[in-house]
Amino acid sequence: MDPGSHTPTVTDATREVDARPYPYRFAPASTALVIIDMQRDFLEPGGFGESLGNDVSLLTRVVAPVRTLLHAARRTGMTVVHTREGHRPDLGDLPASKRLRGNPTLRIGDEGPRGRVLVRGEEGHDLVDALAPIPGEPVLDKPGKGAFYATDFELLLRTAGITHLLVCGVTTEVCVHTTVREANDRGFECLVVEDGCGSYVPEFHETALRMIAAQNGIFGWTATSAELLPAIDPGALPQDAAATASAPSAARPEPVTTEV
Ligand code: TIU
């Protein structure tokens with residue numbers, strides 16, 4: 001469906017998602033869809049992710065569910081924020097610890113097949129075409145793993161009256177987790193989209209999701225994109241959700257309940 005074909009319908013009515021560990025409620029007007037680092041450098045061959053020794057094809061399955069939610073958010077006028085991890089061309093915001101750690105084939109700032117790795121303005125640093133932002137959607141450039149560190153993310157959210165975050169992106173246990181932990185400590189209510197996130201290490205993905213919902217929602221909630229879609233857009237077509245639910249990464253993590 002053309003994402004621009006509907007008149008925005010954001011209201012304050014509370015929506016409910018059958019989430020883990022228990023139902024998640026949000027009002028669309030005070031909720032943002034946050035899409036973390038869906039950049040070529042992480043998702044496509046020749047970039048930073050591959051230089052770290054990772055199989056980037058493990059992340060491409062995330063694009064379709066995120067695209068479904070992004071279009072639903074656009075149809076209904078929900079706030080959308082995209083983030084990108086990267087650095088200034090002079091690398092003045094790149095700590096030596098981040099540049100030098102490990103033994104990658106390409107380091108941040110080096111010239112690679114998609115331009116200079118994780119450097120702002122380079123081809124590899126930008127978002128994948130399928131999730132390209134449209135005018136009015138902020139793109140937040142961040143030098144760290146978390147979206148709050150050394151950025152104006154919190155100011156943007158507070159100014160817009162946002163209290164709830166629907167979080168997608170890559171990778172689940174690195175930038176998604178760091179951002180959700182930062183958001184949780186700042187009082188934001190976060191729901192992480194299970195098949196809307198991905199990791200180069202599938203077991204880390206599953207465990208990271210379980211960690212969010214463990215201990216009665218220690219960092220927030222998780223739900224599949226199919227569970228979330230009708231809460232964002234009650235008019236969404238059933239086949240949109242069905243297509244998403246059948247994606248291979250839509251497996252639900254087992255809820256973990258612990259006595260604390
Ligand atoms: N390496 C890895 O798993 N992730 C990152 O370096 N950045 C993000 O997660 N965006």
# chains A, B, ... in the order shown; residues from 1 in each chain; ligands from 1
$ residues_near_ligand --ligand "ligand 1" --cutoff "8 Å" --atoms "only C-alpha atoms and all ligand atoms" --output "PyMOL selection string"
chain A and resi 36-38+42+48-49+52+84-85+145+169-176+199-200
$ residues_around --residues "Ala130 in chain A" --least-positions-apart "6" --cutoff "9 Å" --atoms "only C-alpha atoms" --output "list in words"
Val63, Ala64 and Arg67 of chain A
$ closest_residue --among "A:Ala96, A:Leu91, A:Ala72, A:Ile134" --to "Leu118 in chain A" --atoms "only C-alpha atoms"
A:Leu91
$ residues_around --residues "range 78-83 of chain A" --least-positions-apart "6" --cutoff "8 Å" --atoms "only C-alpha atoms" --output "PDB file with C-alpha atoms, in the first residue's frame"
ATOM      1  CA  VAL A  10      -3.130   9.617  15.245  1.00  0.00           C
ATOM      2  CA  PRO A  28      -0.068   6.656  19.294  1.00  0.00           C
ATOM      3  CA  ALA A  29       0.338  10.419  19.744  1.00  0.00           C
ATOM      4  CA  THR A  31       4.726   6.965  20.835  1.00  0.00           C
ATOM      5  CA  ALA A  32       7.636   6.833  18.390  1.00  0.00           C
ATOM      6  CA  LEU A  33       8.753   4.066  16.068  1.00  0.00           C
ATOM      7  CA  VAL A  34      12.541   3.996  16.500  1.00  0.00           C
ATOM      8  CA  ILE A  35      14.552   2.227  13.807  1.00  0.00           C
ATOM      9  CA  ILE A  36      18.103   1.570  14.906  1.00  0.00           C
ATOM     10  CA  ASP A  37      21.045   1.556  12.467  1.00  0.00           C
ATOM     11  CA  MET A  38      19.503  -0.164   9.432  1.00  0.00           C
ATOM     12  CA  LEU A  70       7.349   1.905   9.027  1.00  0.00           C
ATOM     13  CA  PRO A 133      13.588   8.165   5.467  1.00  0.00           C
ATOM     14  CA  GLU A 137      11.454  11.890   9.754  1.00  0.00           C
ATOM     15  CA  PRO A 138      14.492  12.734  11.885  1.00  0.00           C
ATOM     16  CA  VAL A 139      17.692  10.811  11.211  1.00  0.00           C
ATOM     17  CA  LEU A 140      19.803  10.750  14.346  1.00  0.00           C
ATOM     18  CA  ASP A 141      23.542  10.337  13.872  1.00  0.00           C
ATOM     19  CA  LYS A 142      25.148   8.730  16.889  1.00  0.00           C
ATOM     20  CA  ALA A 147      21.017   6.430  20.693  1.00  0.00           C
TER      21      ALA A 147
END
$ residues_around --residues "Gly146 in chain A" --least-positions-apart "2" --cutoff "6 Å" --atoms "only C-alpha atoms" --output "MDAnalysis selection string"
chainID A and resid 144 148:149 175 178:179
$ residues_around --residues "range 231-237 of chain A" --least-positions-apart "2" --cutoff "7 Å" --atoms "only C-alpha atoms" --output "list in words"
Arg15, Glu16, Val17, Ala72, Ala73, Thr76, Leu228, Leu229, Gln239 and Asp240 of chain A
$ write_last_selection --atoms "C-alpha atoms" --output "PDB file, in the first residue's frame"
ATOM      1  CA  ARG A  15      -3.828   0.720  22.006  1.00  0.00           C
ATOM      2  CA  GLU A  16      -2.945  -2.675  23.447  1.00  0.00           C
ATOM      3  CA  VAL A  17      -0.466  -5.271  22.203  1.00  0.00           C
ATOM      4  CA  ALA A  72       1.936   1.654   9.058  1.00  0.00           C
ATOM      5  CA  ALA A  73       3.466   4.442  11.151  1.00  0.00           C
ATOM      6  CA  THR A  76      -1.227   6.845  10.682  1.00  0.00           C
ATOM      7  CA  LEU A 228       2.110  -4.867  16.927  1.00  0.00           C
ATOM      8  CA  LEU A 229       0.847  -3.939  13.457  1.00  0.00           C
ATOM      9  CA  GLN A 239      -2.114 -10.109   4.692  1.00  0.00           C
ATOM     10  CA  ASP A 240       0.429  -7.503   5.805  1.00  0.00           C
TER      11      ASP A 240
END
$ atom_distance --atom1 "CA of Val56 in chain A" --atom2 "CA of Asn184 in chain A"
28.6 Å
$ atom_distance --atom1 "CA of Arg61 in chain A" --atom2 "CA of Tyr22 in chain A"
26.2 Å
$ select_by_dssp --residues "range 115-213 of chain A" --states "helix (DSSP H, G or I)" --output "PyMOL selection string"
chain A and resi 129-131+153-159+172-185+202-213
$ write_last_selection --atoms "N, CA and C atoms" --output "CSV table (one decimal), in the first residue's frame"
chain,number,residue,atom,x,y,z
A,129,ASP,N,18.1,1.2,1.2
A,129,ASP,CA,17.1,1.8,0.3
A,129,ASP,C,15.6,1.5,0.8
A,130,ALA,N,15.4,0.3,1.2
A,130,ALA,CA,14.0,-0.1,1.5
A,130,ALA,C,13.4,0.6,2.7
A,131,LEU,N,14.3,1.2,3.5
A,131,LEU,CA,13.9,1.9,4.7
A,131,LEU,C,14.3,3.4,4.7
A,153,PHE,N,18.8,13.0,21.1
A,153,PHE,CA,17.7,12.1,21.0
A,153,PHE,C,16.7,12.4,22.1
A,154,GLU,N,17.1,12.5,23.3
A,154,GLU,CA,16.2,12.7,24.4
A,154,GLU,C,15.5,14.0,24.3
A,155,LEU,N,16.2,15.0,23.9
A,155,LEU,CA,15.5,16.4,23.7
A,155,LEU,C,14.5,16.3,22.6
A,156,LEU,N,14.8,15.6,21.5
A,156,LEU,CA,13.8,15.4,20.4
A,156,LEU,C,12.5,14.7,21.0
A,157,LEU,N,12.7,13.7,21.7
A,157,LEU,CA,11.6,12.9,22.2
A,157,LEU,C,10.8,13.7,23.2
A,158,ARG,N,11.4,14.3,24.1
A,158,ARG,CA,10.7,15.1,25.2
A,158,ARG,C,9.9,16.2,24.5
A,159,THR,N,10.6,16.9,23.6
A,159,THR,CA,9.9,18.1,23.0
A,159,THR,C,8.7,17.6,22.2
A,172,THR,N,20.4,-6.7,17.7
A,172,THR,CA,19.6,-6.8,18.9
A,172,THR,C,20.4,-6.6,20.2
A,173,GLU,N,21.5,-7.3,20.3
A,173,GLU,CA,22.2,-7.3,21.6
A,173,GLU,C,23.2,-6.2,21.8
A,174,VAL,N,23.4,-5.4,20.7
A,174,VAL,CA,24.4,-4.3,20.7
A,174,VAL,C,23.6,-3.0,20.7
A,175,CYS,N,23.3,-2.4,19.6
A,175,CYS,CA,22.7,-1.0,19.6
A,175,CYS,C,21.3,-1.0,20.0
A,176,VAL,N,20.5,-2.0,19.7
A,176,VAL,CA,19.1,-2.1,20.2
A,176,VAL,C,19.1,-2.2,21.7
A,177,HIS,N,19.9,-3.1,22.3
A,177,HIS,CA,19.9,-3.3,23.7
A,177,HIS,C,20.4,-2.1,24.4
A,178,THR,N,21.5,-1.5,23.9
A,178,THR,CA,22.1,-0.3,24.6
A,178,THR,C,21.1,0.8,24.6
A,179,THR,N,20.4,1.0,23.5
A,179,THR,CA,19.4,2.1,23.4
A,179,THR,C,18.2,1.9,24.3
A,180,VAL,N,17.8,0.6,24.4
A,180,VAL,CA,16.6,0.3,25.2
A,180,VAL,C,17.0,0.5,26.7
A,181,ARG,N,18.2,0.1,27.1
A,181,ARG,CA,18.6,0.3,28.5
A,181,ARG,C,18.7,1.8,28.8
A,182,GLU,N,19.3,2.5,27.9
A,182,GLU,CA,19.4,4.0,28.1
A,182,GLU,C,17.9,4.6,28.2
A,183,ALA,N,17.0,4.2,27.4
A,183,ALA,CA,15.7,4.7,27.3
A,183,ALA,C,14.9,4.3,28.6
A,184,ASN,N,15.1,3.1,29.0
A,184,ASN,CA,14.5,2.6,30.2
A,184,ASN,C,14.9,3.4,31.5
A,185,ASP,N,16.1,3.7,31.6
A,185,ASP,CA,16.6,4.5,32.7
A,185,ASP,C,16.1,5.9,32.7
A,202,PRO,N,22.5,-15.7,16.2
A,202,PRO,CA,21.0,-15.9,16.5
A,202,PRO,C,20.8,-16.2,17.9
A,203,GLU,N,21.7,-16.9,18.6
A,203,GLU,CA,21.4,-17.2,20.0
A,203,GLU,C,21.4,-15.9,20.9
A,204,PHE,N,22.3,-14.9,20.5
A,204,PHE,CA,22.3,-13.6,21.2
A,204,PHE,C,21.0,-12.9,21.0
A,205,HIS,N,20.4,-13.0,19.7
A,205,HIS,CA,19.2,-12.3,19.5
A,205,HIS,C,18.1,-12.8,20.4
A,206,GLU,N,18.0,-14.2,20.4
A,206,GLU,CA,16.9,-14.8,21.3
A,206,GLU,C,17.1,-14.4,22.7
A,207,THR,N,18.4,-14.5,23.2
A,207,THR,CA,18.6,-14.2,24.6
A,207,THR,C,18.4,-12.8,24.9
A,208,ALA,N,18.9,-11.9,24.0
A,208,ALA,CA,18.7,-10.5,24.3
A,208,ALA,C,17.2,-10.1,24.4
A,209,LEU,N,16.4,-10.7,23.6
A,209,LEU,CA,14.9,-10.5,23.7
A,209,LEU,C,14.4,-11.0,25.0
A,210,ARG,N,14.9,-12.2,25.4
A,210,ARG,CA,14.4,-12.7,26.7
A,210,ARG,C,14.8,-11.8,27.9
A,211,MET,N,16.0,-11.3,27.8
A,211,MET,CA,16.5,-10.4,28.8
A,211,MET,C,15.6,-9.2,29.0
A,212,ILE,N,15.1,-8.6,27.9
A,212,ILE,CA,14.3,-7.4,28.0
A,212,ILE,C,13.0,-7.7,28.8
A,213,ALA,N,12.4,-8.8,28.5
A,213,ALA,CA,11.1,-9.1,29.1
A,213,ALA,C,11.2,-9.9,30.4
$ closest_residue --among "A:Glu122, A:Asp18, A:Asp110, A:Asp90" --to "Thr222 in chain A" --atoms "only C-alpha atoms"
A:Asp18
$ select_by_dssp --residues "range 12-111 of chain A" --states "strand (DSSP E)" --output "PyMOL selection string"
chain A and resi 15-17+24-26+31-36+79-85+111
$ write_last_selection --atoms "N, CA and C atoms" --output "PDB file, in the first residue's frame"
ATOM      1  N   ARG A  15      -3.895   1.975  22.756  1.00  0.00           N
ATOM      2  CA  ARG A  15      -3.828   0.720  22.006  1.00  0.00           C
ATOM      3  C   ARG A  15      -3.166  -0.327  22.899  1.00  0.00           C
ATOM      4  N   GLU A  16      -3.496  -1.598  22.640  1.00  0.00           N
ATOM      5  CA  GLU A  16      -2.945  -2.675  23.447  1.00  0.00           C
ATOM      6  C   GLU A  16      -2.329  -3.731  22.548  1.00  0.00           C
ATOM      7  N   VAL A  17      -1.174  -4.228  22.947  1.00  0.00           N
ATOM      8  CA  VAL A  17      -0.466  -5.271  22.203  1.00  0.00           C
ATOM      9  C   VAL A  17      -0.324  -6.486  23.105  1.00  0.00           C
ATOM     10  N   TYR A  24       1.146  -4.641  26.488  1.00  0.00           N
ATOM     11  CA  TYR A  24       1.781  -3.320  26.407  1.00  0.00           C
ATOM     12  C   TYR A  24       0.748  -2.338  25.894  1.00  0.00           C
ATOM     13  N   ARG A  25       0.624  -1.203  26.552  1.00  0.00           N
ATOM     14  CA  ARG A  25      -0.350  -0.190  26.129  1.00  0.00           C
ATOM     15  C   ARG A  25       0.366   1.091  25.736  1.00  0.00           C
ATOM     16  N   PHE A  26      -0.124   1.713  24.686  1.00  0.00           N
ATOM     17  CA  PHE A  26       0.463   2.985  24.259  1.00  0.00           C
ATOM     18  C   PHE A  26      -0.597   3.843  23.590  1.00  0.00           C
ATOM     19  N   THR A  31       3.893   8.147  21.119  1.00  0.00           N
ATOM     20  CA  THR A  31       4.726   6.965  20.835  1.00  0.00           C
ATOM     21  C   THR A  31       5.538   7.210  19.569  1.00  0.00           C
ATOM     22  N   ALA A  32       6.776   6.729  19.582  1.00  0.00           N
ATOM     23  CA  ALA A  32       7.636   6.833  18.390  1.00  0.00           C
ATOM     24  C   ALA A  32       8.088   5.439  17.958  1.00  0.00           C
ATOM     25  N   LEU A  33       8.109   5.239  16.645  1.00  0.00           N
ATOM     26  CA  LEU A  33       8.753   4.066  16.068  1.00  0.00           C
ATOM     27  C   LEU A  33      10.225   4.429  15.872  1.00  0.00           C
ATOM     28  N   VAL A  34      11.107   3.691  16.540  1.00  0.00           N
ATOM     29  CA  VAL A  34      12.541   3.996  16.500  1.00  0.00           C
ATOM     30  C   VAL A  34      13.248   2.874  15.749  1.00  0.00           C
ATOM     31  N   ILE A  35      13.906   3.228  14.671  1.00  0.00           N
ATOM     32  CA  ILE A  35      14.552   2.227  13.807  1.00  0.00           C
ATOM     33  C   ILE A  35      16.062   2.413  13.917  1.00  0.00           C
ATOM     34  N   ILE A  36      16.701   1.439  14.538  1.00  0.00           N
ATOM     35  CA  ILE A  36      18.103   1.570  14.906  1.00  0.00           C
ATOM     36  C   ILE A  36      19.032   1.050  13.801  1.00  0.00           C
ATOM     37  N   THR A  79       5.047   9.295  15.007  1.00  0.00           N
ATOM     38  CA  THR A  79       6.430   9.777  14.954  1.00  0.00           C
ATOM     39  C   THR A  79       7.375   8.627  14.620  1.00  0.00           C
ATOM     40  N   VAL A  80       8.303   8.889  13.700  1.00  0.00           N
ATOM     41  CA  VAL A  80       9.319   7.904  13.309  1.00  0.00           C
ATOM     42  C   VAL A  80      10.684   8.551  13.487  1.00  0.00           C
ATOM     43  N   VAL A  81      11.617   7.833  14.107  1.00  0.00           N
ATOM     44  CA  VAL A  81      13.003   8.304  14.214  1.00  0.00           C
ATOM     45  C   VAL A  81      13.918   7.197  13.688  1.00  0.00           C
ATOM     46  N   HIS A  82      14.820   7.562  12.781  1.00  0.00           N
ATOM     47  CA  HIS A  82      15.835   6.625  12.292  1.00  0.00           C
ATOM     48  C   HIS A  82      17.162   6.982  12.969  1.00  0.00           C
ATOM     49  N   THR A  83      17.966   5.986  13.284  1.00  0.00           N
ATOM     50  CA  THR A  83      19.311   6.292  13.779  1.00  0.00           C
ATOM     51  C   THR A  83      20.362   5.667  12.860  1.00  0.00           C
ATOM     52  N   ARG A  84      21.547   6.275  12.904  1.00  0.00           N
ATOM     53  CA  ARG A  84      22.704   5.722  12.178  1.00  0.00           C
ATOM     54  C   ARG A  84      23.914   5.796  13.111  1.00  0.00           C
ATOM     55  N   GLU A  85      24.661   4.715  13.167  1.00  0.00           N
ATOM     56  CA  GLU A  85      25.926   4.737  13.910  1.00  0.00           C
ATOM     57  C   GLU A  85      27.025   5.194  12.962  1.00  0.00           C
ATOM     58  N   GLU A 111      38.997   3.034   3.926  1.00  0.00           N
ATOM     59  CA  GLU A 111      38.304   2.999   2.635  1.00  0.00           C
ATOM     60  C   GLU A 111      37.914   1.552   2.334  1.00  0.00           C
TER      61      GLU A 111
END
$ closest_residue --among "A:Pro21, A:Gly220, A:Gly115, A:Pro143" --to "Val167 in chain A" --atoms "only C-alpha atoms"
A:Gly220
$ closest_residue --among "A:Arg120, A:Leu43, A:Val193, A:Gly217" --to "Asp55 in chain A" --atoms "only C-alpha atoms"
A:Leu43
$ atom_distance --atom1 "CA of Ala160 in chain A" --atom2 "CA of Phe188 in chain A"
13.1 Å
$ closest_residue --among "A:Gly124, A:Gly53, A:Pro65, A:Pro135" --to "Gly102 in chain A" --atoms "only C-alpha atoms"
A:Gly53
